[in-house]
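Asker: This is the content of final.txt (compact mmCIF, C-alpha atoms and all ligand atoms):
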# COMPACT_ATOMS: atom_id res chain seq x y z
CA MET A 1 104.32 31.09 175.04
CA ASN A 2 105.65 28.33 172.78
CA ILE A 3 108.24 29.40 170.15
CA ARG A 4 109.58 27.04 167.47
CA LYS A 5 111.70 27.20 164.32
CA PHE A 6 111.02 25.34 161.07
CA THR A 7 113.40 24.98 158.13
CA ALA A 8 112.22 23.99 154.65
CA ARG A 9 113.30 24.41 151.01
CA ASN A 10 110.87 27.35 150.57
CA SER A 11 108.63 29.56 152.70
CA GLY A 12 105.37 27.91 151.54
CA GLU A 13 106.55 24.57 152.85
CA ALA A 14 107.88 26.07 156.07
CA ILE A 15 104.49 27.70 156.79
CA LYS A 16 102.74 24.40 156.06
CA MET A 17 104.97 22.77 158.68
CA VAL A 18 104.12 25.55 161.18
CA LYS A 19 100.36 25.01 160.67
CA LYS A 20 100.69 21.28 160.93
CA GLU A 21 102.77 21.35 164.11
CA MET A 22 101.34 24.39 165.89
CA GLY A 23 97.90 24.93 164.39
CA ASP A 24 96.13 27.89 162.77
CA ASP A 25 96.61 30.23 165.78
CA ALA A 26 100.40 30.25 165.39
CA VAL A 27 101.97 33.62 164.65
CA ILE A 28 105.01 33.99 162.35
CA LEU A 29 107.64 35.98 164.18
CA ARG A 30 110.44 35.90 161.60
CA THR A 31 111.52 34.38 158.26
CA ARG A 32 115.08 34.28 157.00
CA THR A 33 117.28 32.53 154.48
CA VAL A 34 119.53 29.90 156.03
CA SER A 35 121.90 27.23 154.75
CA TYR A 36 120.02 24.04 153.81
CA SER A 37 121.62 20.72 153.18
CA GLY A 38 118.58 18.75 152.00
CA GLY A 39 118.90 17.27 148.54
CA ASP A 40 115.52 18.75 147.54
CA ALA A 41 116.72 22.37 147.95
CA GLU A 42 115.31 24.75 145.34
CA ARG A 43 118.50 26.76 145.43
CA PRO A 44 121.55 24.59 146.22
CA GLY A 45 122.59 24.95 149.87
CA ARG A 46 119.85 27.56 150.67
CA GLY A 47 116.53 27.14 152.51
CA ILE A 48 114.02 29.18 154.57
CA GLU A 49 113.78 29.26 158.35
CA VAL A 50 110.49 30.36 159.88
CA THR A 51 110.17 31.25 163.58
CA ALA A 52 106.60 30.85 164.84
CA ALA A 53 104.94 31.25 168.24
CA ILE A 54 101.70 30.35 169.96
CA ASP A 55 100.22 31.07 173.38
CA TYR A 56 100.45 27.46 174.60
CA ASP A 57 102.33 26.13 177.57
CA GLY A 58 105.11 23.55 177.19
CA GLN A 59 102.66 20.64 177.01
CA GLY A 60 100.69 22.19 174.22
CA ILE A 61 97.82 23.16 176.54
CA ARG A 62 96.34 26.66 176.13
CA GLN A 63 96.71 28.94 179.21
CA PRO A 64 93.60 28.76 181.40
CA VAL A 65 91.05 31.55 180.81
CA ARG A 66 91.25 32.46 184.51
CA ASP A 67 94.82 33.75 184.02
CA VAL A 68 93.77 35.87 181.07
CA ASN A 69 91.01 37.48 183.16
CA GLU A 70 93.53 38.07 185.89
CA ALA A 71 95.90 39.72 183.43
CA ILE A 72 93.10 41.94 182.12
CA LYS A 73 92.25 42.95 185.67
CA VAL A 74 95.85 43.88 186.42
CA ARG A 75 96.16 45.81 183.15
CA SER A 76 92.92 47.74 183.68
CA HIS A 77 94.00 48.63 187.22
CA GLU A 78 97.28 49.93 185.82
CA LEU A 79 95.40 51.89 183.16
CA LYS A 80 93.18 53.44 185.82
CA GLU A 81 96.23 54.49 187.80
CA ILE A 82 97.80 56.04 184.70
CA LYS A 83 94.54 57.81 183.86
CA GLU A 84 94.33 59.26 187.38
CA ALA A 85 97.94 60.37 187.25
CA ILE A 86 97.28 62.16 183.94
CA LEU A 87 94.00 63.70 185.10
CA PHE A 88 95.60 65.01 188.25
CA SER A 89 98.91 65.92 186.65
CA ASP A 90 98.24 69.57 187.46
CA ALA A 91 98.56 68.65 191.13
CA GLY A 92 101.95 67.01 190.81
CA ASP A 93 103.88 70.25 191.13
CA ILE A 94 102.03 71.39 194.24
CA LEU A 95 101.86 68.08 196.07
CA GLY A 96 105.14 66.56 194.97
CA PRO A 97 105.77 63.01 193.79
CA ASP A 98 103.86 61.41 196.73
CA PHE A 99 100.76 62.40 194.92
CA TYR A 100 101.39 59.91 192.10
CA PHE A 101 101.87 56.98 194.43
CA ASP A 102 99.45 57.67 197.25
CA ARG A 103 95.79 57.10 196.54
CA ASP A 104 94.64 58.82 199.77
CA ILE A 105 96.43 62.02 198.87
CA ARG A 106 94.80 61.91 195.45
CA GLU A 107 91.38 61.32 197.03
CA LYS A 108 91.78 64.32 199.33
CA TYR A 109 93.03 66.51 196.52
CA ASN A 110 90.06 65.36 194.51
CA TYR A 111 87.56 66.24 197.26
CA LEU A 112 89.10 69.67 197.82
CA LYS A 113 89.00 70.32 194.10
CA SER A 114 85.37 69.32 193.84
CA MET A 115 84.64 71.75 196.69
CA GLY A 116 86.03 74.41 194.34
CA ILE A 117 89.09 75.16 196.46
CA ASN A 118 91.87 76.94 194.53
CA ARG A 119 94.88 74.88 193.53
CA ASP A 120 97.31 77.02 195.53
CA ILE A 121 95.15 76.87 198.62
CA ILE A 122 94.88 73.08 198.29
CA GLY A 123 98.67 72.92 198.15
CA LYS A 124 98.89 75.04 201.27
CA ILE A 125 96.26 73.10 203.18
CA MET A 126 97.81 69.73 202.35
CA SER A 127 101.43 70.65 202.79
CA GLU A 128 100.79 72.17 206.21
CA ASN A 129 99.62 68.75 207.40
CA ARG A 130 102.21 66.70 205.55
CA PRO A 131 102.42 63.84 208.05
CA LEU A 132 98.64 63.55 208.07
CA ALA A 133 98.26 63.94 204.33
CA SER A 134 98.23 60.21 203.78
CA SER A 135 95.85 58.42 206.09
CA GLY A 136 96.76 54.89 205.07
CA GLY A 137 93.78 53.64 203.14
CA GLN A 138 90.92 54.98 205.24
CA GLY A 139 87.35 54.94 203.99
CA LYS A 140 86.13 57.47 201.46
CA SER A 141 83.75 59.19 203.86
CA HIS A 142 86.60 59.59 206.32
CA LEU A 143 88.78 61.16 203.63
CA LEU A 144 85.98 63.55 202.68
CA GLN A 145 85.45 64.46 206.33
CA GLU A 146 89.15 65.08 206.79
CA SER A 147 89.33 67.27 203.67
CA LEU A 148 86.33 69.29 204.80
CA LEU A 149 87.83 69.69 208.25
CA LYS A 150 91.04 71.01 206.74
CA VAL A 151 89.10 73.69 204.89
CA MET A 152 87.06 74.58 207.96
CA THR A 153 90.09 75.00 210.20
CA LYS A 154 91.30 77.67 207.78
CA ILE A 155 88.11 79.70 208.11
CA LYS A 156 87.54 82.15 210.93
CA THR A 157 84.09 83.18 212.07
CA ASP A 158 83.27 86.03 214.38
CA THR A 159 80.15 84.92 216.17
CA GLY A 160 79.99 86.61 219.57
CA ARG A 161 79.80 90.23 218.46
CA HIS A 162 76.05 90.78 218.39
CA ALA A 163 75.68 90.06 222.11
CA GLU A 164 78.56 92.27 223.33
CA LYS A 165 77.77 94.67 226.16
CA GLY A 166 78.37 98.43 226.03
CA GLN A 167 78.10 100.80 223.12
CA LYS A 168 79.20 99.49 219.75
CA ILE A 169 79.45 101.39 216.50
CA TYR A 170 79.28 99.45 213.28
CA ALA A 171 80.39 100.89 209.93
CA PHE A 172 79.37 99.15 206.70
CA ILE A 173 81.76 99.58 203.82
CA GLY A 174 82.03 97.88 200.47
CA PRO A 175 81.39 98.13 196.73
CA THR A 176 78.15 99.54 195.31
CA GLY A 177 75.03 97.44 195.38
CA VAL A 178 76.33 94.58 197.53
CA GLY A 179 73.65 95.12 200.16
CA LYS A 180 75.29 97.41 202.75
CA THR A 181 72.15 99.43 203.52
CA THR A 182 69.84 96.40 203.55
CA THR A 183 72.21 94.45 205.81
CA LEU A 184 72.61 97.40 208.16
CA ALA A 185 68.82 97.69 208.40
CA LYS A 186 68.53 93.95 209.16
CA LEU A 187 71.08 94.15 211.99
CA ALA A 188 69.66 97.37 213.40
CA ALA A 189 66.17 95.85 213.45
CA GLN A 190 67.41 92.66 215.11
CA SER A 191 69.26 94.62 217.81
CA ALA A 192 66.18 96.70 218.57
CA LEU A 193 63.44 94.11 218.11
CA ASN A 194 65.07 90.86 219.24
CA SER A 195 67.65 92.06 221.75
CA GLY A 196 65.74 95.09 223.08
CA MET A 197 68.75 97.37 222.56
CA LYS A 198 68.64 101.08 221.82
CA ALA A 199 69.72 101.27 218.18
CA ALA A 200 70.28 104.28 215.91
CA MET A 201 71.41 104.74 212.32
CA ILE A 202 73.61 107.30 210.57
CA THR A 203 74.26 107.54 206.85
CA LEU A 204 77.31 109.06 205.23
CA ASP A 205 75.94 108.22 201.81
CA THR A 206 74.91 111.55 200.38
CA PHE A 207 76.50 110.64 197.07
CA ARG A 208 73.72 108.54 195.58
CA ILE A 209 70.32 110.12 195.02
CA ALA A 210 67.77 108.54 197.36
CA ALA A 211 70.41 106.76 199.45
CA ALA A 212 69.47 108.69 202.57
CA ALA A 213 65.78 108.26 201.74
CA GLN A 214 66.28 104.47 201.57
CA LEU A 215 67.68 104.35 205.12
CA GLU A 216 65.12 106.88 206.30
CA ALA A 217 62.35 104.58 205.09
CA TYR A 218 63.79 101.66 207.09
CA ALA A 219 64.20 103.94 210.14
CA ARG A 220 60.58 105.07 209.92
CA ILE A 221 59.23 101.50 209.59
CA MET A 222 61.35 100.23 212.49
CA GLY A 223 60.80 103.33 214.63
CA LEU A 224 64.55 103.98 214.99
CA PRO A 225 66.27 107.38 214.94
CA MET A 226 68.42 108.23 211.94
CA GLU A 227 70.83 111.05 211.07
CA VAL A 228 72.43 112.13 207.80
CA ALA A 229 76.07 113.27 208.02
CA VAL A 230 77.83 114.99 205.14
CA ASN A 231 81.25 115.28 206.75
CA GLY A 232 83.39 114.10 209.65
CA LYS A 233 82.24 116.93 211.88
CA GLU A 234 78.59 116.03 211.37
CA LEU A 235 79.38 112.37 211.84
CA ASN A 236 80.99 113.03 215.23
CA ARG A 237 78.06 115.24 216.19
CA ALA A 238 75.59 112.46 215.27
CA ILE A 239 77.60 109.87 217.23
CA SER A 240 77.58 112.20 220.26
CA LYS A 241 73.84 112.64 219.87
CA PHE A 242 73.42 108.87 220.20
CA SER A 243 75.86 108.59 223.12
CA ASP A 244 73.35 106.70 225.26
CA TYR A 245 72.52 104.20 222.51
CA ASP A 246 73.77 100.59 222.63
CA ARG A 247 74.24 100.24 218.91
CA ILE A 248 74.98 102.81 216.20
CA PHE A 249 74.94 101.62 212.59
CA ILE A 250 76.77 103.75 210.02
CA ASP A 251 76.03 103.40 206.30
CA THR A 252 78.53 104.51 203.65
CA ALA A 253 78.57 105.08 199.92
CA GLY A 254 79.98 102.26 197.85
CA ARG A 255 82.97 104.09 196.44
CA SER A 256 86.70 103.72 196.75
CA PRO A 257 87.93 104.88 200.12
CA GLY A 258 90.18 107.90 199.87
CA SER A 259 88.54 108.95 196.61
CA ASP A 260 86.32 111.55 198.25
CA GLN A 261 85.77 113.41 201.46
CA GLY A 262 82.98 111.06 202.65
CA ASN A 263 85.27 108.09 202.70
CA ARG A 264 88.14 110.01 204.28
CA ASP A 265 85.64 110.71 207.04
CA ILE A 266 85.27 106.97 207.60
CA LEU A 267 89.03 106.68 207.97
CA SER A 268 89.05 109.33 210.68
CA LEU A 269 86.04 107.59 212.29
CA PHE A 270 88.10 104.42 212.66
CA ARG A 271 91.12 106.41 213.86
CA ASP A 272 89.27 108.49 216.44
CA ASN A 273 86.95 105.87 217.88
CA ASP A 274 88.01 102.49 219.23
CA ARG A 275 84.42 101.33 219.63
CA VAL A 276 84.03 101.16 215.87
CA HIS A 277 83.83 97.80 214.18
CA GLY A 278 84.13 97.93 210.40
CA TYR A 279 82.39 95.34 208.23
CA LEU A 280 83.48 94.92 204.64
CA VAL A 281 80.35 93.76 202.83
CA LEU A 282 80.90 91.63 199.73
CA SER A 283 78.48 89.69 197.59
CA ALA A 284 78.87 85.90 197.55
CA THR A 285 77.87 86.00 193.87
CA THR A 286 81.08 87.83 192.94
CA GLN A 287 83.93 85.99 191.20
CA TYR A 288 87.02 85.33 193.31
CA LYS A 289 89.23 87.75 191.32
CA ASN A 290 86.67 90.53 191.66
CA MET A 291 86.33 89.90 195.40
CA VAL A 292 90.08 90.29 195.77
CA HIS A 293 90.01 93.42 193.65
CA ALA A 294 87.10 94.89 195.64
CA SER A 295 88.79 94.15 198.97
CA GLU A 296 92.01 95.78 197.77
CA ARG A 297 90.09 98.97 197.08
CA PHE A 298 89.14 99.09 200.75
CA ALA A 299 92.42 97.81 202.13
CA ASN A 300 93.35 101.16 203.65
CA LEU A 301 90.35 100.99 205.99
CA PRO A 302 90.95 99.00 209.16
CA PHE A 303 87.79 96.90 208.91
CA GLN A 304 87.71 93.88 211.21
CA SER A 305 85.49 91.31 209.52
CA TYR A 306 83.43 90.42 206.46
CA ILE A 307 79.75 90.12 205.77
CA PHE A 308 78.84 88.08 202.71
CA SER A 309 75.53 88.99 201.10
CA LYS A 310 73.28 87.27 198.57
CA LEU A 311 74.07 83.65 199.44
CA ASP A 312 70.57 82.92 198.16
CA GLU A 313 71.64 84.01 194.68
CA THR A 314 74.48 81.54 194.18
CA GLU A 315 74.91 77.78 194.35
CA ASP A 316 78.67 78.03 194.20
CA ILE A 317 80.17 79.40 197.38
CA SER A 318 83.73 78.40 196.45
CA PRO A 319 84.83 81.96 195.46
CA MET A 320 83.78 83.12 198.92
CA ILE A 321 85.54 80.18 200.64
CA ASN A 322 88.75 80.75 198.70
CA PHE A 323 88.60 84.44 199.49
CA ILE A 324 88.04 83.92 203.23
CA ILE A 325 90.90 81.41 203.44
CA SER A 326 93.31 83.57 201.48
CA LYS A 327 92.53 86.78 203.39
CA GLY A 328 92.43 85.32 206.89
CA LYS A 329 89.99 87.83 208.45
CA PRO A 330 86.85 86.44 210.10
CA VAL A 331 83.34 86.37 208.66
CA SER A 332 80.53 87.74 210.82
CA TYR A 333 77.30 87.28 208.88
CA PHE A 334 75.71 85.85 205.77
CA THR A 335 72.68 87.43 204.22
CA THR A 336 70.26 85.23 202.37
CA GLY A 337 67.57 87.42 200.80
CA GLN A 338 65.96 90.83 200.53
CA GLN A 339 63.61 90.56 203.47
CA VAL A 340 64.38 92.88 206.40
CA PRO A 341 65.08 91.77 209.09
CA GLU A 342 64.70 88.01 208.51
CA ASP A 343 67.27 87.21 205.84
CA ILE A 344 70.50 87.30 207.81
CA GLU A 345 72.36 84.69 209.83
CA ILE A 346 75.42 84.59 212.03
CA ALA A 347 78.24 83.00 210.03
CA SER A 348 78.82 79.43 211.16
CA LYS A 349 81.29 76.79 210.03
CA LYS A 350 78.56 74.19 210.19
CA ARG A 351 76.52 76.07 207.62
CA LEU A 352 79.57 76.57 205.39
CA ALA A 353 80.44 72.88 205.59
CA SER A 354 76.94 71.85 204.57
CA LEU A 355 76.93 74.35 201.68
CA LEU A 356 80.26 72.97 200.47
CA LEU A 357 79.01 69.39 200.66
CA SER A 358 75.86 70.18 198.74
CA GLY A 359 78.07 71.95 196.18
CA ILE A 360 80.06 68.72 195.70
CA LYS A 361 76.85 66.75 195.07
CA GLU A 362 75.65 69.44 192.69
CA LYS A 363 78.91 69.40 190.74
CA SER A 364 79.23 65.62 190.49
CA HIS A 365 75.59 65.46 189.39
CA SER A 366 75.97 68.05 186.66
CA VAL A 367 79.31 66.71 185.47
CA SER A 368 78.11 63.12 185.32
CA ASN A 369 75.08 64.33 183.37
CA GLU A 370 77.47 65.79 180.84
CA GLY A 371 79.15 62.41 180.65
CA SER A 372 82.63 63.68 181.34
CA TYR A 373 85.04 63.06 184.15
CA ASN A 374 84.24 63.96 187.70
CA GLY A 375 86.37 63.29 190.74
CA SER A 376 84.19 60.62 192.31
CA SER A 377 83.70 58.60 189.16
CA CYS A 378 87.43 58.14 188.83
CA ARG A 379 87.78 56.30 192.08
CA PRO A 380 88.02 52.52 191.94
N1 LIG B 1 68.88 88.29 196.86
C1 LIG B 1 69.41 89.13 197.74
N2 LIG B 1 69.34 90.46 197.53
C2 LIG B 1 69.88 91.29 198.45
C3 LIG B 1 70.51 90.81 199.61
N3 LIG B 1 70.95 91.87 200.31
C4 LIG B 1 70.60 92.97 199.60
N4 LIG B 1 69.96 92.63 198.48
C5 LIG B 1 69.44 93.49 197.42
O1 LIG B 1 70.51 94.10 196.74
C6 LIG B 1 70.13 95.39 196.26
C7 LIG B 1 71.13 96.43 196.74
O2 LIG B 1 71.03 96.52 198.15
P1 LIG B 1 71.53 97.81 198.95
O3 LIG B 1 71.35 97.50 200.38
O4 LIG B 1 70.88 99.04 198.44
O5 LIG B 1 73.05 97.80 198.54
P2 LIG B 1 74.15 98.90 198.91
O6 LIG B 1 75.44 98.16 199.04
O7 LIG B 1 73.72 99.70 200.04
O8 LIG B 1 74.15 99.73 197.57
P3 LIG B 1 74.79 101.22 197.37
O9 LIG B 1 74.38 102.03 198.53
O10 LIG B 1 74.20 101.68 196.08
O11 LIG B 1 76.27 101.04 197.28
C8 LIG B 1 68.73 95.61 196.79
O12 LIG B 1 67.81 95.29 195.79
C9 LIG B 1 68.60 94.64 197.95
O13 LIG B 1 67.28 94.24 198.21
C10 LIG B 1 70.56 89.38 199.81
O14 LIG B 1 71.08 88.85 200.78
N5 LIG B 1 70.00 88.60 198.85
MG MG B 2 73.43 101.77 200.29
Can you dump the structure from the file as C-alpha cells?
Ligand SMILES: Nc1nc2c(ncn2[C@@H]2O[C@H](COP(=O)(O)OP(=O)(O)OP(=O)(O)O)[C@@H](O)[C@H]2O)c(=O)[nH]1
Ligand SMILES: [Mg+2]

Answerer:
Amino acid sequence: MNIRKFTARNSGEAIKMVKKEMGDDAVILRTRTVSYSGGDAERPGRGIEVTAAIDYDGQGIRQPVRDVNEAIKVRSHELKEIKEAILFSDAGDILGPDFYFDRDIREKYNYLKSMGINRDIIGKIMSENRPLASSGGQGKSHLLQESLLKVMTKIKTDTGRHAEKGQKIYAFIGPTGVGKTTTLAKLAAQSALNSGMKAAMITLDTFRIAAAAQLEAYARIMGLPMEVAVNGKELNRAISKFSDYDRIFIDTAGRSPGSDQGNRDILSLFRDNDRVHGYLVLSATTQYKNMVHASERFANLPFQSYIFSKLDETEDISPMINFIISKGKPVSYFTTGQQVPEDIEIASKKRLASLLLSGIKEKSHSVSNEGSYNGSSCRP
C-alpha cells in the first residue's frame, strides 16, 4: 500500500494533487487543517493536508493479481474454519478446546452426529479414546470407519443363545403392541421347524381379550402345545408339564410389572427358575425418550437382553442405537415384519453398521435437498 500526504491552500486543490499524483483509485484517508506558509494561502498561515492511499507497491506498480487470489483463498479458508467452529459450537463443551483446532476430531464428531448418536454419548465415546481421537489427517473414509467402529464397540449382541443345549425358558416382556406374541411365535416356530427342537408355549396374558386366542392360533398352525396360566401356581404347573421340552416360550401382557398379579408371577418365575431368560421387547420405531421410559417400567424384572421389533417400519435406527449404548445390555434379535416365522434375524453388528451407514446417506441426501447444512458438505 502506498500512502502519501498533500498540502494545498484548500481541499479542492489538495484532492486535485492526489488525483494527479496517485490516480483515480486513490482513497482519501484523512483531511486536516495545517499551518501553510505559501503566499497564496486563502487564510493566512492555514492550509489543508490530505492523506491518501492506493494499493500500489513502492514503484507504483499494482500488486499482481495472483497475490489477490492467494489472499482470497486464505480468507475463505479462514471463513470456513470459523463457520465450522460456529456450526459445531455445541460440541465445544463436550469435546474441549481441541475440537476447535483439530479437523479430524471435528470430522469424527460430524460422522457420529450424522449417525444420529446423542451428544452425550458422542462425548463419552470420544473422550474414552482421547489419545486416538485425533488421527493426524487420515482420509475421510478412514475417519468414518473409525467413528463407526467406536459406536459398534459400545454395542453388545447376544448371538449364541438360540443354539444352546438343554432346556431353556424364554419370557417375553414389554409394552403393549410392540410385537411380543408375534416374536415369540417366530422363535418358537424356528426352534421347532428349523432346529428340530421340542418347543411349547405358555401365555400369562389373560388380561387382553383374545390374547390367548392369538397364541392358540399360532400354536394350532405350527402344531405346538400351548397352555394358558392365570397365576404363578398354574405357570409352574405348565412348566412342569413341559419338563421334557427343549424350549418353553412364555408370553406376558404388556402392562407395568408389579401392577397386577400376572406380572408379579413373572417376577417369581425369574426368582424361582434359573433357566429363564427374559427378553425385553421394544419397538425400533419408538422415540429414544419413550424407550427409556418403557424400559424403566420393567426395570424391576431381571431380563437379560433386548429384542427390537419393527425395524422394517423405520429408517432411523438412531434411537435404538442410543438406547442400546446407554443401557449396556445386549441385543438378541431384530424383527423385520409381520410374517411368522420369517421376519426375524439374530442381532448382528454388521447389520447395525450397514443400517447406520445407509442412514447417513439418507440424511445427507434429504438435508442437501433442503439446501441447508449437512455434515459432509461442510468439509473442505
Ligand atoms: N411391521 C411389523 N409389524 C410387526 C412386527 N412384529 C409385530 N408386528 C405387528 O405388531 C402388532 C402387534 O403385535 P403383537 O405380537 O400382538 O404385540 P404384543 O406386544 O404381543 O401386543 P400386546 O399383547 O397387546 O401387548 C401386530 O399387528 C403384529 O403383526 C414387525 O417386526 N414389523
Ligand atoms: Mg401379545

Asker: Is it possible to get the residues within 9 Å of (101.6, 33.2, 165.8) (coordinates as in the file, counting only C-alpha atoms) written as a list in words?

Answerer: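 Result, sorted by chain then residue number: Ile3, Met22, Asp24, Asp25, Ala26, Val27, Ile28, Leu29, Ala52, Ala53, Ile54 and Asp55 of chain A.
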
Asker: Please give me, as a PyMOL selection string, the residues lying within 7 Å of ligand LIG 1 (chain B) when counting all atoms listed in the file.

Answerer: chain A and resi 174-183+208+211+253-254+309-313+335-338+343

Asker: What does the structure give for the distance between CA of Met17 in chain A and CA of Asp67 in chain A, in Å to one decimal?

Answerer: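 Straight-line distance from CA of Met17 in chain A to CA of Asp67 in chain A works out to 29.4 Å.
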
Asker: So what do you get for CA of Gln190 in chain A versus CA of Val340 in chain A, distance-wise?

Answerer: 9.2 Å

Asker: Using all atoms listed in the file for the distances, tell me which of A:Ala284, A:Met201, A:Ile317, A:Val50 is nearest to Ala238 in chain A.

Answerer: A:Met201
